[in-house]
Amino acid sequence: MTAPRIDRIRCDNPSPMTLQGTITHVLGGARQVVIVDPGPADHPEHREAVAAAVAGREVSTILVTHRHGDHTGAAAEFARRFDAPVRGADPSWCLAAGGGHDDGHDGARGPSGAVDAVDAPAPLTDGERLAVDGAALVVIPTPGHTSDSVSFWIPDDPSDVDGAGGGAMLTGDTVLGAGTTMLDHPDGTLTDYLASLERLRAHGAARLLPAHGPERESLAAVVDDYLAHRRERLDQVRGLLAAHGQDLDAVALGRLIYGEDSGLPAGVTTKIAAAQLDHLHRIGER
């Protein structure tokens, strides 16, 4: 196996949360590919652009980095179109090849929250190596943005086991190409997120291929900036708690951090503040 060709296809779904749009990755060799993060539903132009990148090659697997709809919305349709299984860390996003078309299922979530599918594949596991024509992908759980977030390391040399040789890291929403990541608290926690950043730091020689924003040459440089930002924010929160009292709640803390005219919805600033307070509680500071 050798380093694969990697195509990055950006969906036209820009927003404050998706930046310029959600990026689908298609990677592999001359005969076979893997699709990572199919993209949102109801964007036929994006689906056709991904199909053009596949270019008639076999799709061995469709992978999702986490559960958010701008990454998973087209998963069931792609499972049908390419007759390929969908896999993620959460069993709810594991779907049999064909998307359940044999019995009329559409791959939608049922009342239990699970995807209605027959013979769904197993969830992704820590350290699992996925082989595809011309590529090896290593699964690295990176919870924090969501509890089911994973990244995929693609070594240039498939014999590389520790990341020293570089390669590429597909980070989903865990690390972005611009700006910082919002944690979907309480599902995602800052405690998990800091540990995930440290784990990615061990692969710092890799180039960064995020699901939002431009690719970056150094994963380490971006992760270092992220860690510094999170530590500075925690120090700010500690100072605000000292000044305003330990009973300060997430709503009030969010206003103090971002101000009344931040432009961010109140629910977002509250969620960010709640993640900070939760982390301080977990490490015994509250």
# chains A, B, ... in the order shown; residues from 1 in each chain; ligands from 1

call {"tool": "residues_around", "arguments": {"residues": "stretch 258-274 of chain A", "least_positions_apart": "3", "cutoff": "8 Å", "atoms": "only C-alpha atoms", "output": "tab-separated table (two decimals) with all heavy atoms, in the first residue's frame"}}
result
chain	number	residue	atom	x	y	z
A	182	MET	N	-16.51	24.32	18.35
A	182	MET	CA	-17.48	24.38	19.43
A	182	MET	C	-17.76	22.97	19.94
A	182	MET	O	-17.93	22.04	19.14
A	182	MET	CB	-18.78	25.02	18.98
A	182	MET	CG	-19.70	25.38	20.13
A	182	MET	SD	-21.38	25.80	19.60
A	182	MET	CE	-22.10	24.18	19.43
A	183	LEU	N	-17.82	22.81	21.25
A	183	LEU	CA	-18.14	21.52	21.84
A	183	LEU	C	-19.64	21.40	22.01
A	183	LEU	O	-20.28	22.30	22.57
A	183	LEU	CB	-17.43	21.36	23.18
A	183	LEU	CG	-15.92	21.63	23.17
A	183	LEU	CD1	-15.31	21.28	24.52
A	183	LEU	CD2	-15.23	20.89	22.05
A	184	ASP	N	-20.21	20.31	21.53
A	184	ASP	CA	-21.65	20.09	21.60
A	184	ASP	C	-22.00	19.52	22.99
A	184	ASP	O	-22.46	18.39	23.13
A	184	ASP	CB	-22.10	19.15	20.49
A	184	ASP	CG	-23.60	19.17	20.28
A	184	ASP	OD1	-24.29	19.91	21.01
A	184	ASP	OD2	-24.08	18.45	19.38
A	185	HIS	N	-21.77	20.34	24.00
A	185	HIS	CA	-22.00	19.96	25.38
A	185	HIS	C	-23.52	19.84	25.63
A	185	HIS	O	-24.29	20.62	25.08
A	185	HIS	CB	-21.41	21.03	26.30
A	185	HIS	CG	-21.51	20.71	27.76
A	185	HIS	ND1	-20.66	19.82	28.37
A	185	HIS	CD2	-22.36	21.15	28.71
A	185	HIS	CE1	-20.98	19.74	29.64
A	185	HIS	NE2	-22.01	20.52	29.87
A	186	PRO	N	-23.97	18.84	26.40
A	186	PRO	CA	-23.20	17.94	27.27
A	186	PRO	C	-22.73	16.66	26.60
A	186	PRO	O	-22.01	15.87	27.22
A	186	PRO	CB	-24.18	17.63	28.38
A	186	PRO	CG	-25.52	17.68	27.72
A	186	PRO	CD	-25.42	18.77	26.69
A	249	ASP	N	-23.65	30.76	37.05
A	249	ASP	CA	-24.14	29.70	36.17
A	249	ASP	C	-23.67	29.92	34.73
A	249	ASP	O	-23.05	30.94	34.41
A	249	ASP	CB	-25.66	29.58	36.24
A	249	ASP	CG	-26.41	30.79	35.70
A	249	ASP	OD1	-25.79	31.63	35.00
A	249	ASP	OD2	-27.62	30.90	35.98
A	250	ALA	N	-23.98	28.95	33.88
A	250	ALA	CA	-23.46	28.99	32.52
A	250	ALA	C	-24.02	30.15	31.71
A	250	ALA	O	-23.32	30.73	30.88
A	250	ALA	CB	-23.77	27.67	31.82
A	251	VAL	N	-25.28	30.51	31.93
A	251	VAL	CA	-25.87	31.63	31.20
A	251	VAL	C	-25.13	32.92	31.51
A	251	VAL	O	-24.70	33.66	30.61
A	251	VAL	CB	-27.36	31.77	31.54
A	251	VAL	CG1	-27.95	33.01	30.88
A	251	VAL	CG2	-28.13	30.52	31.11
A	252	ALA	N	-24.95	33.20	32.80
A	252	ALA	CA	-24.25	34.42	33.20
A	252	ALA	C	-22.79	34.39	32.80
A	252	ALA	O	-22.23	35.40	32.36
A	252	ALA	CB	-24.39	34.61	34.72
A	253	LEU	N	-22.17	33.23	32.93
A	253	LEU	CA	-20.76	33.12	32.56
A	253	LEU	C	-20.57	33.35	31.07
A	253	LEU	O	-19.63	34.04	30.65
A	253	LEU	CB	-20.23	31.73	32.96
A	253	LEU	CG	-18.77	31.45	32.60
A	253	LEU	CD1	-17.83	32.44	33.28
A	253	LEU	CD2	-18.39	30.01	32.95
A	254	GLY	N	-21.47	32.82	30.26
A	254	GLY	CA	-21.37	33.05	28.82
A	254	GLY	C	-21.44	34.52	28.46
A	254	GLY	O	-20.70	35.01	27.60
A	255	ARG	N	-22.32	35.26	29.15
A	255	ARG	CA	-22.42	36.70	28.89
A	255	ARG	C	-21.14	37.41	29.30
A	255	ARG	O	-20.67	38.34	28.62
A	255	ARG	CB	-23.59	37.29	29.66
A	255	ARG	CG	-24.97	36.84	29.17
A	255	ARG	CD	-26.05	37.74	29.75
A	255	ARG	NE	-27.39	37.22	29.50
A	255	ARG	CZ	-28.15	36.64	30.41
A	255	ARG	NH1	-27.72	36.51	31.66
A	255	ARG	NH2	-29.36	36.20	30.10
A	277	LEU	N	-17.41	24.99	32.79
A	277	LEU	CA	-17.76	24.71	34.18
A	277	LEU	C	-17.72	23.21	34.45
A	277	LEU	O	-17.26	22.77	35.52
A	277	LEU	CB	-19.14	25.28	34.49
A	277	LEU	CG	-19.27	26.80	34.46
A	277	LEU	CD1	-20.73	27.22	34.63
A	277	LEU	CD2	-18.40	27.44	35.54
A	278	ASP	N	-18.21	22.43	33.51
A	278	ASP	CA	-18.20	20.98	33.67
A	278	ASP	C	-16.78	20.45	33.81
A	278	ASP	O	-16.49	19.59	34.65
A	278	ASP	CB	-18.90	20.33	32.47
A	278	ASP	CG	-18.80	18.83	32.47
A	278	ASP	OD1	-19.46	18.19	33.31
A	278	ASP	OD2	-18.04	18.27	31.63

call {"tool": "residues_around", "arguments": {"residues": "stretch 141-153 of chain A", "least_positions_apart": "2", "cutoff": "9 Å", "atoms": "only C-alpha atoms", "output": "number ranges by chain"}}
result
A: 64-68, 88-90, 124-127, 136-139, 155, 163, 167-174, 181-197, 199-200, 203, 206

call {"tool": "residues_around", "arguments": {"residues": "A:His229", "least_positions_apart": "6", "cutoff": "10 Å", "atoms": "only C-alpha atoms", "output": "PyMOL selection string"}}
result
chain A and resi 180+223+235

call {"tool": "write_last_selection", "arguments": {"atoms": "N, CA, C and O atoms", "output": "PDB file, in the first residue's frame"}}
result
ATOM      1  N   THR A 180     -11.962  28.009  15.735  1.00  0.00           N
ATOM      2  CA  THR A 180     -11.918  26.967  16.758  1.00  0.00           C
ATOM      3  C   THR A 180     -13.203  26.153  16.743  1.00  0.00           C
ATOM      4  O   THR A 180     -14.201  26.558  16.143  1.00  0.00           O
ATOM      5  N   VAL A 223      -2.948  22.246  16.510  1.00  0.00           N
ATOM      6  CA  VAL A 223      -3.285  21.671  17.813  1.00  0.00           C
ATOM      7  C   VAL A 223      -2.666  22.474  18.939  1.00  0.00           C
ATOM      8  O   VAL A 223      -3.310  22.722  19.973  1.00  0.00           O
ATOM      9  N   ASP A 235      -8.372  29.761  32.167  1.00  0.00           N
ATOM     10  CA  ASP A 235      -7.844  30.735  33.127  1.00  0.00           C
ATOM     11  C   ASP A 235      -8.783  31.933  33.241  1.00  0.00           C
ATOM     12  O   ASP A 235      -8.984  32.476  34.339  1.00  0.00           O
TER      13      ASP A 235
END

call {"tool": "select_by_dssp", "arguments": {"residues": "stretch 130-191 of chain A", "states": "strand (DSSP E or B)", "output": "VMD selection string"}}
result
chain A and resid 130 to 132 135 to 141 150 to 154 168 to 170

call {"tool": "residues_around", "arguments": {"residues": "A:Val222", "least_positions_apart": "4", "cutoff": "12 Å", "atoms": "only C-alpha atoms", "output": "PyMOL selection string"}}
result
chain A and resi 171+174-181+197-198+200-201+203-210+214-218+226-229

call {"tool": "atom_distance", "arguments": {"atom1": "atom CA of A:Phe82", "atom2": "atom CA of A:Pro14"}}
result
26.4 Å

call {"tool": "atom_distance", "arguments": {"atom1": "atom CA of A:Asn13", "atom2": "atom CA of A:Gly56"}}
result
25.5 Å

call {"tool": "closest_residue", "arguments": {"among": "A:Gly245, A:Gly284, A:Gly134, A:Gly69", "to": "A:Asp157", "atoms": "only C-alpha atoms"}}
result
A:Gly134
